[in-house]
Amino acid sequence: MPIAIASFRKLLITAIALSLLACTHAPRNKAEISVQDPGMATIYLYRGLATSEQLRTPPFYATLNNKPVTPLPAGNYISLTVPPGRHHLVVSPGPYGYNRGVTVQAEAGATYFYQFEFKLSEDHSFFSETALSARDEAIGRNDVKTLTRALANFNDRRLSYRRTNYAGISDIDAVPAINERGREGYRNWLKQKLPRAFVIASNGAWDSSWGMSVTDIPGISDPTTRAMQRCAARQDVVCQAYAINNSVVWKPLPVVLVQRERERRTGAAAATTDSMANQDKNKP
């Protein structure tokens, strides 16, 4: 009898471990499957392991052509095999800073390297600046050698949000940023069964998700992750969870973060205007 009980316990532990693994890991994006084809291009996306990073964040969300790819932890990289043509890559640090994206005009046989960079705020509570920067191939290859390939861990258990006193869960008028259509979406979300999550982007866009179904994003069972992952496809916004299950978890964005982004956009617009003006001057 003791042997039978011990065997049963081992089987039970194994079953639990397998179920947790199944919930934690999701299939990689098809682009993450290595293809030895000279007619394809390779894109490396990476995030350095900064010794000065005192803000402990979960892996950053990433999308390729609006579809999720493996989240990007510190000191990791992702390798993507894509056909020639235009491809849009976005990295989102979630509520800690602004999403950044690039459009890659891929050529057959070429390799491209992009690093997600950030600068911590003075109080180390968020990223005051973020950028997705192209790297020279020699520099990129050297950087990647020191990093680890990221695991397809979509439902990361470090992703958690604490309840705040911002508003009551049923106070629809208190939901910030969104328009009337968004409020209707939130009203509908309140009627859904748990688990559920409602996410807001800093430009007023929103995403909602509920249940453990993986029909909207296959392989991701956690509603918060699914909603945040959809928001991660948007460029130059901050993605924040507003409410999870029956709790509001919203924290207003730091004023300095918003102000720096406005300054960045003003500078970028001015640079574009100057560039167009110079082109006009050079026309015959």
# chains A, B, ... in the order shown; residues from 1 in each chain; ligands from 1

$ select_by_dssp --residues "region 100-268 of chain A" --states "helix (DSSP H, G or I)" --output "JSON, numbers by chain"
{"A": [137, 138, 139, 140, 141, 142, 143, 144, 145, 172, 173, 174, 180, 181, 182, 183, 184, 185, 186, 187, 188, 189, 223, 224, 225, 226, 227, 228, 229, 230, 231, 255, 256, 257, 258, 259, 260, 261, 262, 263, 264, 265, 266, 267, 268]}

$ write_last_selection --atoms "N, CA and C atoms" --output "CSV table (one decimal), in the first residue's frame"
chain,number,residue,atom,x,y,z
A,137,GLU,N,25.4,45.5,-37.9
A,137,GLU,CA,25.4,44.1,-37.8
A,137,GLU,C,26.6,43.6,-37.0
A,138,ALA,N,27.7,44.1,-37.1
A,138,ALA,CA,28.9,43.7,-36.3
A,138,ALA,C,28.6,43.9,-34.8
A,139,ILE,N,28.1,45.1,-34.5
A,139,ILE,CA,27.8,45.4,-33.1
A,139,ILE,C,26.7,44.5,-32.6
A,140,GLY,N,25.6,44.3,-33.4
A,140,GLY,CA,24.5,43.5,-33.0
A,140,GLY,C,24.9,42.1,-32.7
A,141,ARG,N,25.7,41.5,-33.6
A,141,ARG,CA,26.2,40.1,-33.4
A,141,ARG,C,27.0,40.0,-32.2
A,142,ASN,N,27.8,40.9,-31.9
A,142,ASN,CA,28.6,40.9,-30.7
A,142,ASN,C,27.8,41.0,-29.4
A,143,ASP,N,26.7,41.9,-29.5
A,143,ASP,CA,25.8,42.0,-28.4
A,143,ASP,C,25.1,40.7,-28.1
A,144,VAL,N,24.5,40.1,-29.1
A,144,VAL,CA,23.7,38.9,-29.0
A,144,VAL,C,24.5,37.8,-28.4
A,145,LYS,N,25.8,37.7,-28.7
A,145,LYS,CA,26.6,36.6,-28.2
A,145,LYS,C,26.6,36.6,-26.7
A,172,ILE,N,-18.2,53.7,-14.1
A,172,ILE,CA,-17.9,53.7,-15.5
A,172,ILE,C,-17.4,55.1,-15.9
A,173,ASP,N,-18.0,56.2,-15.3
A,173,ASP,CA,-17.5,57.5,-15.6
A,173,ASP,C,-16.1,57.8,-15.1
A,174,ALA,N,-15.6,57.1,-14.2
A,174,ALA,CA,-14.3,57.3,-13.7
A,174,ALA,C,-13.1,56.8,-14.6
A,180,GLU,N,-16.8,57.6,-25.4
A,180,GLU,CA,-18.1,57.0,-25.1
A,180,GLU,C,-18.1,55.5,-25.6
A,181,ARG,N,-17.6,55.3,-26.7
A,181,ARG,CA,-17.5,53.9,-27.2
A,181,ARG,C,-16.7,53.0,-26.3
A,182,GLY,N,-15.6,53.6,-25.7
A,182,GLY,CA,-14.8,52.9,-24.7
A,182,GLY,C,-15.6,52.6,-23.5
A,183,ARG,N,-16.4,53.5,-23.1
A,183,ARG,CA,-17.2,53.3,-21.8
A,183,ARG,C,-18.2,52.2,-22.1
A,184,GLU,N,-18.8,52.2,-23.3
A,184,GLU,CA,-19.7,51.1,-23.6
A,184,GLU,C,-19.0,49.8,-23.6
A,185,GLY,N,-17.7,49.8,-24.1
A,185,GLY,CA,-16.9,48.5,-24.0
A,185,GLY,C,-16.7,48.1,-22.6
A,186,TYR,N,-16.4,49.1,-21.7
A,186,TYR,CA,-16.2,48.8,-20.3
A,186,TYR,C,-17.4,48.3,-19.6
A,187,ARG,N,-18.6,48.9,-20.0
A,187,ARG,CA,-19.9,48.5,-19.4
A,187,ARG,C,-20.1,47.0,-19.8
A,188,ASN,N,-19.8,46.7,-21.0
A,188,ASN,CA,-20.0,45.3,-21.5
A,188,ASN,C,-19.0,44.3,-20.7
A,189,TRP,N,-17.8,44.8,-20.5
A,189,TRP,CA,-16.8,44.0,-19.9
A,189,TRP,C,-17.2,43.7,-18.4
A,223,PRO,N,-6.1,36.5,-19.1
A,223,PRO,CA,-6.8,37.6,-19.8
A,223,PRO,C,-6.0,38.9,-19.8
A,224,THR,N,-5.3,39.2,-18.7
A,224,THR,CA,-4.5,40.4,-18.6
A,224,THR,C,-3.4,40.4,-19.6
A,225,THR,N,-2.7,39.3,-19.7
A,225,THR,CA,-1.7,39.2,-20.7
A,225,THR,C,-2.2,39.3,-22.1
A,226,ARG,N,-3.4,38.7,-22.4
A,226,ARG,CA,-3.9,38.9,-23.8
A,226,ARG,C,-4.3,40.3,-24.1
A,227,ALA,N,-4.9,41.0,-23.1
A,227,ALA,CA,-5.3,42.4,-23.4
A,227,ALA,C,-4.0,43.3,-23.5
A,228,MET,N,-3.0,43.1,-22.6
A,228,MET,CA,-1.8,43.9,-22.7
A,228,MET,C,-1.0,43.5,-24.0
A,229,GLN,N,-1.1,42.3,-24.4
A,229,GLN,CA,-0.4,41.9,-25.7
A,229,GLN,C,-1.0,42.6,-26.9
A,230,ARG,N,-2.3,42.7,-26.9
A,230,ARG,CA,-3.0,43.4,-28.0
A,230,ARG,C,-2.6,44.9,-28.0
A,231,CYS,N,-2.6,45.4,-26.8
A,231,CYS,CA,-2.2,46.8,-26.7
A,231,CYS,C,-0.7,47.1,-27.2
A,255,VAL,N,3.5,62.8,-14.6
A,255,VAL,CA,3.5,64.0,-15.4
A,255,VAL,C,4.7,64.2,-16.2
A,256,VAL,N,5.9,63.9,-15.6
A,256,VAL,CA,7.1,64.1,-16.4
A,256,VAL,C,7.2,63.2,-17.5
A,257,LEU,N,6.7,62.0,-17.4
A,257,LEU,CA,6.7,61.0,-18.5
A,257,LEU,C,5.9,61.5,-19.7
A,258,VAL,N,4.7,62.0,-19.5
A,258,VAL,CA,3.9,62.5,-20.5
A,258,VAL,C,4.5,63.8,-21.1
A,259,GLN,N,5.1,64.7,-20.3
A,259,GLN,CA,5.7,65.9,-20.8
A,259,GLN,C,6.9,65.6,-21.7
A,260,ARG,N,7.7,64.6,-21.3
A,260,ARG,CA,8.9,64.3,-22.2
A,260,ARG,C,8.4,63.7,-23.5
A,261,GLU,N,7.3,62.9,-23.5
A,261,GLU,CA,6.9,62.4,-24.7
A,261,GLU,C,6.3,63.5,-25.7
A,262,ARG,N,5.7,64.4,-25.1
A,262,ARG,CA,5.2,65.6,-25.9
A,262,ARG,C,6.4,66.3,-26.5
A,263,GLU,N,7.4,66.5,-25.7
A,263,GLU,CA,8.6,67.2,-26.2
A,263,GLU,C,9.3,66.4,-27.3
A,264,ARG,N,9.3,65.1,-27.2
A,264,ARG,CA,9.9,64.2,-28.2
A,264,ARG,C,9.1,64.3,-29.5
A,265,ARG,N,7.8,64.3,-29.4
A,265,ARG,CA,7.0,64.3,-30.6
A,265,ARG,C,7.1,65.7,-31.3
A,266,THR,N,7.2,66.7,-30.5
A,266,THR,CA,7.3,68.1,-31.1
A,266,THR,C,8.6,68.2,-31.8
A,267,GLY,N,9.7,67.6,-31.2
A,267,GLY,CA,11.0,67.7,-31.8
A,267,GLY,C,11.0,66.8,-33.1
A,268,ALA,N,10.4,65.7,-33.1
A,268,ALA,CA,10.3,64.8,-34.3
A,268,ALA,C,9.5,65.5,-35.4

$ residues_around --residues "Arg162 (chain A)" --least-positions-apart "4" --cutoff "10 Å" --atoms "only C-alpha atoms" --output "ChimeraX atom specification"
/A:243-244,247-251

$ closest_residue --among "A:Ala62, A:Ile33, A:Ala152, A:Val82" --to "Ala108 (chain A)" --atoms "only C-alpha atoms"
A:Val82

$ closest_residue --among "A:Ile43, A:Ala201, A:Ile169, A:Cys239" --to "Gly97 (chain A)" --atoms "only C-alpha atoms"
A:Cys239

$ atom_distance --atom1 "CA of Pro84 (chain A)" --atom2 "CA of Ala41 (chain A)"
6.4 Å

$ residues_around --residues "region 130-135 of chain A" --least-positions-apart "5" --cutoff "8 Å" --atoms "only C-alpha atoms" --output "ChimeraX atom specification"
/A:91,97-102,112-119,140

$ write_last_selection --atoms "C-alpha atoms" --output "PDB file, in the first residue's frame"
ATOM      1  CA  VAL A  91       8.195  46.489 -28.195  1.00  0.00           C
ATOM      2  CA  GLY A  97       7.113  53.442 -20.425  1.00  0.00           C
ATOM      3  CA  TYR A  98       6.160  54.120 -24.032  1.00  0.00           C
ATOM      4  CA  ASN A  99       5.941  51.434 -26.719  1.00  0.00           C
ATOM      5  CA  ARG A 100       8.412  51.884 -29.584  1.00  0.00           C
ATOM      6  CA  GLY A 101       8.269  50.416 -33.067  1.00  0.00           C
ATOM      7  CA  VAL A 102      10.152  50.278 -36.345  1.00  0.00           C
ATOM      8  CA  TYR A 112      18.924  43.065 -38.939  1.00  0.00           C
ATOM      9  CA  PHE A 113      19.512  43.928 -35.284  1.00  0.00           C
ATOM     10  CA  TYR A 114      17.328  46.109 -33.030  1.00  0.00           C
ATOM     11  CA  GLN A 115      17.880  46.911 -29.372  1.00  0.00           C
ATOM     12  CA  PHE A 116      15.205  48.211 -27.014  1.00  0.00           C
ATOM     13  CA  GLU A 117      16.797  50.931 -24.899  1.00  0.00           C
ATOM     14  CA  PHE A 118      15.468  52.885 -21.952  1.00  0.00           C
ATOM     15  CA  LYS A 119      16.467  55.436 -19.358  1.00  0.00           C
ATOM     16  CA  GLY A 140      24.512  43.506 -33.006  1.00  0.00           C
TER      17      GLY A 140
END

$ atom_distance --atom1 "CA of Tyr96 (chain A)" --atom2 "CA of Leu49 (chain A)"
16.8 Å

$ atom_distance --atom1 "CA of Tyr242 (chain A)" --atom2 "CA of Val175 (chain A)"
7.8 Å

$ closest_residue --among "A:Pro195, A:Pro93, A:Pro252, A:Gly109" --to "Ala232 (chain A)" --atoms "only C-alpha atoms"
A:Pro93

$ select_by_dssp --residues "region 54-183 of chain A" --states "strand (DSSP E)" --output "number ranges by chain"
A: 60-64, 67-72, 76-82, 85-92, 100-106, 111-120, 127-135, 148-149

$ write_last_selection --atoms "C-alpha atoms" --output "JSON list (two decimals), in the first residue's frame"
[["chain", "number", "residue", "atom", "x", "y", "z"],
["A", 60, "PHE", "CA", 8.51, 43.32, -22.26],
["A", 61, "TYR", "CA", 5.74, 42.54, -24.75],
["A", 62, "ALA", "CA", 6.67, 42.35, -28.43],
["A", 63, "THR", "CA", 4.72, 42.06, -31.68],
["A", 64, "LEU", "CA", 5.64, 41.40, -35.30],
["A", 67, "LYS", "CA", 1.02, 39.31, -33.86],
["A", 68, "PRO", "CA", 2.63, 38.38, -30.50],
["A", 69, "VAL", "CA", 6.19, 37.11, -30.39],
["A", 70, "THR", "CA", 8.01, 35.80, -27.33],
["A", 71, "PRO", "CA", 8.17, 38.39, -24.50],
["A", 72, "LEU", "CA", 11.58, 39.95, -23.99],
["A", 76, "ASN", "CA", 17.58, 38.13, -23.74],
["A", 77, "TYR", "CA", 17.06, 38.18, -27.50],
["A", 78, "ILE", "CA", 14.48, 36.97, -30.03],
["A", 79, "SER", "CA", 15.31, 35.74, -33.52],
["A", 80, "LEU", "CA", 12.68, 36.19, -36.25],
["A", 81, "THR", "CA", 12.80, 34.70, -39.75],
["A", 82, "VAL", "CA", 10.74, 36.73, -42.21],
["A", 85, "GLY", "CA", 9.20, 42.97, -47.61],
["A", 86, "ARG", "CA", 7.94, 45.39, -44.97],
["A", 87, "HIS", "CA", 7.60, 44.18, -41.39],
["A", 88, "HIS", "CA", 6.45, 46.19, -38.39],
["A", 89, "LEU", "CA", 8.10, 45.45, -35.05],
["A", 90, "VAL", "CA", 6.89, 46.93, -31.74],
["A", 91, "VAL", "CA", 8.19, 46.49, -28.20],
["A", 92, "SER", "CA", 6.11, 47.47, -25.17],
["A", 100, "ARG", "CA", 8.41, 51.88, -29.58],
["A", 101, "GLY", "CA", 8.27, 50.42, -33.07],
["A", 102, "VAL", "CA", 10.15, 50.28, -36.35],
["A", 103, "THR", "CA", 9.33, 49.26, -39.90],
["A", 104, "VAL", "CA", 11.92, 46.90, -41.36],
["A", 105, "GLN", "CA", 12.28, 46.75, -45.13],
["A", 106, "ALA", "CA", 13.73, 43.25, -45.18],
["A", 111, "THR", "CA", 20.19, 40.17, -41.05],
["A", 112, "TYR", "CA", 18.92, 43.07, -38.94],
["A", 113, "PHE", "CA", 19.51, 43.93, -35.28],
["A", 114, "TYR", "CA", 17.33, 46.11, -33.03],
["A", 115, "GLN", "CA", 17.88, 46.91, -29.37],
["A", 116, "PHE", "CA", 15.20, 48.21, -27.01],
["A", 117, "GLU", "CA", 16.80, 50.93, -24.90],
["A", 118, "PHE", "CA", 15.47, 52.88, -21.95],
["A", 119, "LYS", "CA", 16.47, 55.44, -19.36],
["A", 120, "LEU", "CA", 15.26, 55.18, -15.79],
["A", 127, "PHE", "CA", 11.31, 54.65, -17.90],
["A", 128, "SER", "CA", 11.66, 58.35, -18.64],
["A", 129, "GLU", "CA", 12.84, 57.57, -22.18],
["A", 130, "THR", "CA", 12.51, 54.53, -24.45],
["A", 131, "ALA", "CA", 13.79, 53.76, -27.95],
["A", 132, "LEU", "CA", 13.96, 50.86, -30.39],
["A", 133, "SER", "CA", 17.30, 51.42, -32.10],
["A", 134, "ALA", "CA", 18.87, 49.78, -35.15],
["A", 135, "ARG", "CA", 22.34, 48.34, -34.58],
["A", 148, "THR", "CA", 20.27, 34.34, -23.86],
["A", 149, "ARG", "CA", 17.52, 33.38, -26.28]]

$ closest_residue --among "A:Ala74, A:Ile217, A:Leu190, A:Val238" --to "Ala150 (chain A)" --atoms "only C-alpha atoms"
A:Ala74

$ residues_around --residues "Lys193 (chain A)" --least-positions-apart "5" --cutoff "10 Å" --atoms "only C-alpha atoms" --output "VMD selection string"
chain A and resid 210 to 211 245
